[in-house]
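So this block is final35.txt, compact mmCIF, C-alpha atoms:
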# COMPACT_ATOMS: atom_id res chain seq x y z
CA MET A 1 63.78 48.76 10.68
CA ALA A 2 66.97 49.75 8.96
CA GLY A 3 66.69 50.85 5.37
CA PRO A 4 68.81 49.59 2.46
CA ALA A 5 71.37 52.36 2.90
CA GLU A 6 71.97 51.26 6.50
CA MET A 7 72.61 47.62 5.58
CA LEU A 8 75.40 45.98 3.66
CA GLU A 9 74.47 44.36 0.35
CA ALA A 10 74.29 40.60 0.89
CA ALA A 11 76.17 39.06 -2.06
CA THR A 12 79.00 41.58 -1.84
CA THR A 13 79.35 40.97 1.90
CA LEU A 14 79.36 37.20 1.37
CA GLY A 15 82.05 37.54 -1.29
CA PHE A 16 84.14 39.53 1.18
CA LEU A 17 83.65 36.81 3.84
CA ALA A 18 84.44 34.05 1.34
CA ALA A 19 87.80 35.66 0.56
CA ARG A 20 88.74 35.89 4.24
CA THR A 21 87.51 32.57 5.59
CA GLU A 22 87.92 28.91 4.73
CA ARG A 23 85.15 27.05 6.59
CA VAL A 24 82.27 29.51 7.10
CA ARG A 25 79.03 28.57 5.33
CA LEU A 26 77.86 31.52 3.27
CA GLY A 27 74.22 32.47 2.84
CA THR A 28 71.47 34.83 3.81
CA MET A 29 68.00 34.41 5.20
CA VAL A 30 66.49 37.07 2.92
CA THR A 31 67.82 38.52 -0.31
CA TYR A 32 65.75 40.91 -2.40
CA ARG A 33 66.67 40.14 -5.98
CA PRO A 34 64.94 38.85 -9.08
CA PRO A 35 65.28 35.03 -9.10
CA ALA A 36 67.66 34.77 -12.08
CA VAL A 37 69.99 37.41 -10.63
CA LEU A 38 69.93 35.71 -7.21
CA VAL A 39 70.74 32.30 -8.68
CA LYS A 40 73.63 33.75 -10.71
CA ALA A 41 75.05 35.59 -7.68
CA ILE A 42 74.87 32.55 -5.37
CA THR A 43 76.19 30.18 -8.05
CA THR A 44 79.17 32.49 -8.56
CA LEU A 45 79.72 32.70 -4.80
CA ASP A 46 79.53 28.91 -4.54
CA VAL A 47 82.18 28.42 -7.24
CA LEU A 48 84.52 31.07 -5.83
CA SER A 49 84.14 29.86 -2.22
CA GLY A 50 84.78 26.19 -2.98
CA GLY A 51 81.19 25.06 -2.45
CA ARG A 52 80.36 26.93 0.75
CA ALA A 53 77.38 28.96 -0.51
CA TRP A 54 73.79 28.23 0.46
CA LEU A 55 70.86 29.44 -1.61
CA GLY A 56 67.93 30.35 0.56
CA VAL A 57 64.46 30.74 -0.91
CA GLY A 58 61.71 32.23 1.23
CA SER A 59 58.49 34.18 1.24
CA GLY A 60 59.92 37.61 2.08
CA TYR A 61 58.57 39.88 4.76
CA SER A 62 59.54 43.55 4.57
CA GLU A 63 57.34 45.74 2.42
CA GLN A 64 59.44 48.77 3.39
CA GLU A 65 62.68 47.19 2.13
CA SER A 66 60.98 45.82 -0.95
CA ARG A 67 59.67 49.26 -1.92
CA ALA A 68 63.01 50.92 -1.13
CA MET A 69 64.83 48.47 -3.40
CA ASP A 70 62.10 48.51 -6.08
CA VAL A 71 61.61 44.73 -5.85
CA PRO A 72 58.03 43.42 -6.00
CA LEU A 73 56.62 41.80 -2.85
CA PRO A 74 53.28 40.04 -3.41
CA PRO A 75 50.55 40.08 -0.74
CA VAL A 76 51.10 37.88 2.34
CA ALA A 77 48.57 35.21 1.32
CA GLU A 78 50.20 34.81 -2.08
CA ARG A 79 53.68 34.60 -0.55
CA PHE A 80 52.57 31.83 1.82
CA GLU A 81 50.97 29.93 -1.08
CA ARG A 82 54.29 30.22 -2.89
CA LEU A 83 56.04 28.95 0.24
CA ASP A 84 54.09 25.70 -0.15
CA GLU A 85 55.50 25.53 -3.72
CA THR A 86 58.92 26.20 -2.21
CA LEU A 87 58.40 23.19 0.14
CA ARG A 88 57.95 20.98 -2.96
CA LEU A 89 61.29 22.24 -4.22
CA VAL A 90 62.90 21.58 -0.82
CA ALA A 91 61.62 18.00 -0.90
CA ARG A 92 63.08 17.51 -4.35
CA TYR A 93 66.34 19.47 -4.16
CA GLY A 94 66.91 21.09 -0.77
CA ASP A 95 69.32 20.34 2.02
CA ALA A 96 67.51 22.56 4.51
CA CYS A 97 64.27 24.37 5.09
CA ASN A 98 63.78 27.48 7.24
CA LEU A 99 60.38 28.30 8.68
CA PHE A 100 59.23 31.00 11.07
CA ASP A 101 58.18 30.85 14.69
CA VAL A 102 54.71 32.36 14.38
CA PRO A 103 52.96 32.92 17.74
CA ASP A 104 50.15 30.43 17.13
CA GLY A 105 51.16 27.60 19.47
CA GLY A 106 53.10 25.83 16.74
CA LYS A 107 50.09 25.31 14.45
CA MET A 108 51.65 26.76 11.30
CA LEU A 109 55.05 25.16 11.94
CA ARG A 110 53.46 21.72 12.39
CA HIS A 111 51.41 22.25 9.23
CA LYS A 112 54.42 23.31 7.12
CA LEU A 113 56.54 20.40 8.39
CA ASN A 114 53.69 17.98 7.62
CA VAL A 115 53.42 19.43 4.11
CA LEU A 116 57.19 19.02 3.68
CA ALA A 117 57.01 15.42 4.95
CA GLU A 118 54.22 14.65 2.44
CA HIS A 119 56.26 16.16 -0.39
CA CYS A 120 59.28 14.12 0.71
CA ALA A 121 57.20 10.94 0.63
CA ASP A 122 55.95 11.84 -2.87
CA GLU A 123 59.56 12.39 -4.00
CA GLY A 124 60.88 9.26 -2.30
CA ARG A 125 63.08 11.47 -0.14
CA ASP A 126 63.98 10.93 3.52
CA PHE A 127 62.32 13.75 5.48
CA ALA A 128 64.89 13.29 8.26
CA GLY A 129 67.66 14.10 5.77
CA ILE A 130 66.47 17.69 5.41
CA ASP A 131 67.72 20.12 8.03
CA LYS A 132 64.69 21.93 9.51
CA THR A 133 65.54 25.38 10.86
CA VAL A 134 63.17 27.85 12.51
CA SER A 135 63.74 31.58 12.76
CA THR A 136 62.64 32.99 16.10
CA ARG A 137 63.07 36.38 17.69
CA LEU A 138 65.34 37.24 20.56
CA ASP A 139 63.62 40.33 21.96
CA ASP A 140 65.13 42.96 24.25
CA GLY A 141 63.34 41.64 27.35
CA ASP A 142 64.00 37.93 26.74
CA SER A 143 66.05 36.17 29.37
CA LYS A 144 68.29 33.20 28.70
CA ASP A 145 65.63 30.96 30.25
CA ASP A 146 62.91 32.42 27.98
CA PHE A 147 64.99 31.73 24.91
CA VAL A 148 66.03 28.23 26.04
CA ARG A 149 62.36 27.36 26.68
CA ARG A 150 61.37 28.62 23.23
CA CYS A 151 64.17 26.63 21.57
CA ARG A 152 63.14 23.44 23.36
CA GLU A 153 59.51 23.97 22.33
CA LEU A 154 60.59 24.44 18.72
CA ALA A 155 62.69 21.26 18.91
CA GLU A 156 59.65 19.36 20.16
CA LEU A 157 57.74 20.63 17.12
CA GLY A 158 60.45 19.34 14.77
CA ALA A 159 63.13 22.04 14.48
CA ASP A 160 66.68 20.77 14.13
CA HIS A 161 68.20 24.25 14.48
CA VAL A 162 67.04 27.68 15.58
CA VAL A 163 68.02 30.89 13.83
CA ALA A 164 67.98 33.84 16.22
CA ILE A 165 66.79 37.11 14.73
CA THR A 166 66.34 40.46 16.40
CA ALA A 167 64.73 43.78 15.63
CA GLY A 168 67.48 46.28 14.95
CA PRO A 169 71.16 45.68 15.52
CA TRP A 170 72.58 43.07 17.85
CA ASP A 171 73.92 44.56 21.07
CA GLU A 172 76.12 43.13 23.83
CA LYS A 173 73.15 42.16 26.02
CA LYS A 174 71.43 40.18 23.22
CA VAL A 175 74.68 38.47 22.24
CA ALA A 176 75.33 37.55 25.90
CA THR A 177 71.78 36.18 26.27
CA LEU A 178 72.18 34.13 23.09
CA ALA A 179 75.59 32.83 24.16
CA ALA A 180 74.25 31.80 27.59
CA ALA A 181 71.27 30.05 25.98
CA ALA A 182 73.53 28.25 23.50
CA GLY A 183 75.72 27.03 26.33
CA GLU A 184 72.71 25.52 28.07
CA LEU A 185 71.30 23.95 24.93
CA ARG A 186 74.46 22.08 23.93
Entire entry expressed as structure tokens:
Amino acid sequence: MAGPAEMLEAATTLGFLAARTERVRLGTMVTYRPPAVLVKAITTLDVLSGGRAWLGVGSGYSEQESRAMDVPLPPVAERFERLDETLRLVARYGDACNLFDVPDGGKMLRHKLNVLAEHCADEGRDFAGIDKTVSTRLDDGDSKDDFVRRCRELAELGADHVVAITAGPWDEKKVATLAAAAGELR
């Protein structure tokens, strides 16, 4: 995994993109910052970009990055308990929710979507009005057909969109695989 020195800082990069684009939605999947600092950075980005910023809240995952940036990362069990709290906030305020494709046959994804649906019912909110995204890996050996199959399975579980992530940098082969899969899924 790349360390902090090998990655661009998220809010600065988004500010750069905001100044050079007009329609791109601006946000990150993971940002290691104290909550108040994160909210201030994304609020500023939203104002300066004309409302194009998205604030993502998640459970975090990289102990190595967390230590390198001196940002606390609670134990996994605690983070997943907090994610349930985050689902309450999504039901009340969110436009979207991103979950992870855990290799458990869809058990956790179904559970989290059911929890979100219950919270939506409690809030009087339409569950269908929240965009459900799922982050899944595109690995080096994955073919277009492998990735298309995985995306269709995730859609059957309730995903509206899939976020493709990869270990290390994107290369031409992974981008070509993703592009071919996207063409088939349209």
Among listed residues A:Val102, A:Leu138, A:Met108, A:Ala10, nearest Pro169 in chain A (using all atoms listed in the file):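 Ranking A:Val102, A:Leu138, A:Met108, A:Ala10 by distance to Pro169 in chain A, first place goes to A:Leu138.
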From the options A:Val148, A:Ala155, A:Val163, A:Leu89, which residue's atoms come nearest to Ala182 in chain A, counting all atoms listed in the file?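 Ranked by minimum distance to Ala182 in chain A, first place goes to A:Val148.
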Do you have the CA of Arg110 in chain A-CA of Asp146 in chain A distance handy?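 Distance reported for this atom pair: 21.1 Å.
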Which residues come within 10 Å of range 93-101 of chain A, counting all atoms listed in the file, excluding same-chain residues fewer than 3 positions away, as a PyMOL selection string? chain A and resi 29+54-59+83+86-90+104-109+112-113+116+123+125+129-137+150+154+159-163
What separates CA of Asp46 in chain A and CA of Arg20 in chain A is a distance of 14.5 Å
With all atoms listed in the file as the basis for distance, which of A:Ala164, A:Ala18, A:Met69, A:Ala176 is at the shortest distance from Ser49 in chain A?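 Under the stated criterion, the closest residue is A:Ala18.
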What residues have an atom no more than 6 Å from (76.1, 36.1, 1.7) in the file's own frame, counting all atoms listed in the file, and can you write them as a PyMOL selection string? chain A and resi 10-11+13-14+26-28
Any idea what the distance is between CA of Gln64 in chain A and CA of Glu78 in chain A?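 Atom-to-atom, CA of Gln64 in chain A and CA of Glu78 in chain A are spaced 17.6 Å apart.
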Could you name the residues that touch Arg52 in chain A at 12 Å or less, counting only C-alpha atoms, but leaving out those on the same chain fewer than 4 positions away, as a PyMOL selection string? chain A and resi 14-15+17-19+21-27+42-48
Can I get the selected residues back with C-alpha atoms, as a PDB file, keeping the file's coordinate frame?
ATOM      1  CA  LEU A  14      79.360  37.200   1.370  1.00  0.00           C
ATOM      2  CA  GLY A  15      82.050  37.540  -1.290  1.00  0.00           C
ATOM      3  CA  LEU A  17      83.650  36.810   3.840  1.00  0.00           C
ATOM      4  CA  ALA A  18      84.440  34.050   1.340  1.00  0.00           C
ATOM      5  CA  ALA A  19      87.800  35.660   0.560  1.00  0.00           C
ATOM      6  CA  THR A  21      87.510  32.570   5.590  1.00  0.00           C
ATOM      7  CA  GLU A  22      87.920  28.910   4.730  1.00  0.00           C
ATOM      8  CA  ARG A  23      85.150  27.050   6.590  1.00  0.00           C
ATOM      9  CA  VAL A  24      82.270  29.510   7.100  1.00  0.00           C
ATOM     10  CA  ARG A  25      79.030  28.570   5.330  1.00  0.00           C
ATOM     11  CA  LEU A  26      77.860  31.520   3.270  1.00  0.00           C
ATOM     12  CA  GLY A  27      74.220  32.470   2.840  1.00  0.00           C
ATOM     13  CA  ILE A  42      74.870  32.550  -5.370  1.00  0.00           C
ATOM     14  CA  THR A  43      76.190  30.180  -8.050  1.00  0.00           C
ATOM     15  CA  THR A  44      79.170  32.490  -8.560  1.00  0.00           C
ATOM     16  CA  LEU A  45      79.720  32.700  -4.800  1.00  0.00           C
ATOM     17  CA  ASP A  46      79.530  28.910  -4.540  1.00  0.00           C
ATOM     18  CA  VAL A  47      82.180  28.420  -7.240  1.00  0.00           C
ATOM     19  CA  LEU A  48      84.520  31.070  -5.830  1.00  0.00           C
TER      20      LEU A  48
END
Residue nearest Arg186 in chain A among A:Leu157, A:Gly168, A:Ser143, A:Arg152 (counting all atoms listed in the file): A:Arg152
Residue with smallest distance to Pro34 in chain A - pool A:Leu8, A:Leu73, A:Ala91, A:Ala128, counting all atoms listed in the file: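 Between A:Leu8, A:Leu73, A:Ala91, A:Ala128, the residue approaching Pro34 in chain A most closely is A:Leu73.
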Mind dumping range 84-136 of chain A from that block, keeping C-alpha atoms, as a PDB file, in the first residue's frame?
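Written file, part.pdb:
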ATOM      1  CA  ASP A  84     -24.415   1.321  12.040  1.00  0.00           C
ATOM      2  CA  GLU A  85     -24.603   4.793  13.672  1.00  0.00           C
ATOM      3  CA  THR A  86     -23.520   6.228  10.325  1.00  0.00           C
ATOM      4  CA  LEU A  87     -26.448   4.377   8.652  1.00  0.00           C
ATOM      5  CA  ARG A  88     -28.838   6.264  10.984  1.00  0.00           C
ATOM      6  CA  LEU A  89     -27.304   9.501   9.776  1.00  0.00           C
ATOM      7  CA  VAL A  90     -27.636   8.385   6.144  1.00  0.00           C
ATOM      8  CA  ALA A  91     -31.330   7.660   6.691  1.00  0.00           C
ATOM      9  CA  ARG A  92     -31.826  11.105   8.170  1.00  0.00           C
ATOM     10  CA  TYR A  93     -29.532  13.264   6.035  1.00  0.00           C
ATOM     11  CA  GLY A  94     -27.712  11.299   3.344  1.00  0.00           C
ATOM     12  CA  ASP A  95     -28.072  11.180  -0.399  1.00  0.00           C
ATOM     13  CA  ALA A  96     -25.940   8.064  -0.758  1.00  0.00           C
ATOM     14  CA  CYS A  97     -24.440   5.222   1.196  1.00  0.00           C
ATOM     15  CA  ASN A  98     -21.304   3.272   0.286  1.00  0.00           C
ATOM     16  CA  LEU A  99     -20.767  -0.231   1.617  1.00  0.00           C
ATOM     17  CA  PHE A 100     -18.094  -2.820   0.935  1.00  0.00           C
ATOM     18  CA  ASP A 101     -18.185  -6.051  -1.011  1.00  0.00           C
ATOM     19  CA  VAL A 102     -17.055  -8.438   1.721  1.00  0.00           C
ATOM     20  CA  PRO A 103     -16.515 -12.028   0.511  1.00  0.00           C
ATOM     21  CA  ASP A 104     -19.306 -13.547   2.598  1.00  0.00           C
ATOM     22  CA  GLY A 105     -21.904 -14.295  -0.085  1.00  0.00           C
ATOM     23  CA  GLY A 106     -23.597 -10.933   0.407  1.00  0.00           C
ATOM     24  CA  LYS A 107     -24.526 -11.541   4.058  1.00  0.00           C
ATOM     25  CA  MET A 108     -23.079  -8.316   5.456  1.00  0.00           C
ATOM     26  CA  LEU A 109     -24.284  -6.207   2.524  1.00  0.00           C
ATOM     27  CA  ARG A 110     -27.845  -7.522   2.905  1.00  0.00           C
ATOM     28  CA  HIS A 111     -27.678  -6.888   6.653  1.00  0.00           C
ATOM     29  CA  LYS A 112     -26.412  -3.297   6.264  1.00  0.00           C
ATOM     30  CA  LEU A 113     -29.028  -2.496   3.602  1.00  0.00           C
ATOM     31  CA  ASN A 114     -31.759  -3.946   5.838  1.00  0.00           C
ATOM     32  CA  VAL A 115     -30.511  -1.797   8.734  1.00  0.00           C
ATOM     33  CA  LEU A 116     -30.551   1.258   6.458  1.00  0.00           C
ATOM     34  CA  ALA A 117     -34.086   0.415   5.278  1.00  0.00           C
ATOM     35  CA  GLU A 118     -35.260   0.130   8.907  1.00  0.00           C
ATOM     36  CA  HIS A 119     -33.684   3.481   9.753  1.00  0.00           C
ATOM     37  CA  CYS A 120     -35.347   5.026   6.692  1.00  0.00           C
ATOM     38  CA  ALA A 121     -38.723   3.695   7.832  1.00  0.00           C
ATOM     39  CA  ASP A 122     -38.119   5.140  11.318  1.00  0.00           C
ATOM     40  CA  GLU A 123     -37.254   8.513   9.760  1.00  0.00           C
ATOM     41  CA  GLY A 124     -40.156   8.454   7.295  1.00  0.00           C
ATOM     42  CA  ARG A 125     -37.632   8.490   4.462  1.00  0.00           C
ATOM     43  CA  ASP A 126     -37.898   6.667   1.136  1.00  0.00           C
ATOM     44  CA  PHE A 127     -35.175   3.995   1.120  1.00  0.00           C
ATOM     45  CA  ALA A 128     -35.236   3.990  -2.693  1.00  0.00           C
ATOM     46  CA  GLY A 129     -34.273   7.680  -2.663  1.00  0.00           C
ATOM     47  CA  ILE A 130     -30.841   6.902  -1.228  1.00  0.00           C
ATOM     48  CA  ASP A 131     -28.173   5.918  -3.729  1.00  0.00           C
ATOM     49  CA  LYS A 132     -26.613   2.622  -2.570  1.00  0.00           C
ATOM     50  CA  THR A 133     -23.038   2.173  -3.763  1.00  0.00           C
ATOM     51  CA  VAL A 134     -20.755  -0.793  -3.109  1.00  0.00           C
ATOM     52  CA  SER A 135     -16.972  -0.709  -3.288  1.00  0.00           C
ATOM     53  CA  THR A 136     -15.531  -3.850  -4.826  1.00  0.00           C
TER      54      THR A 136
END
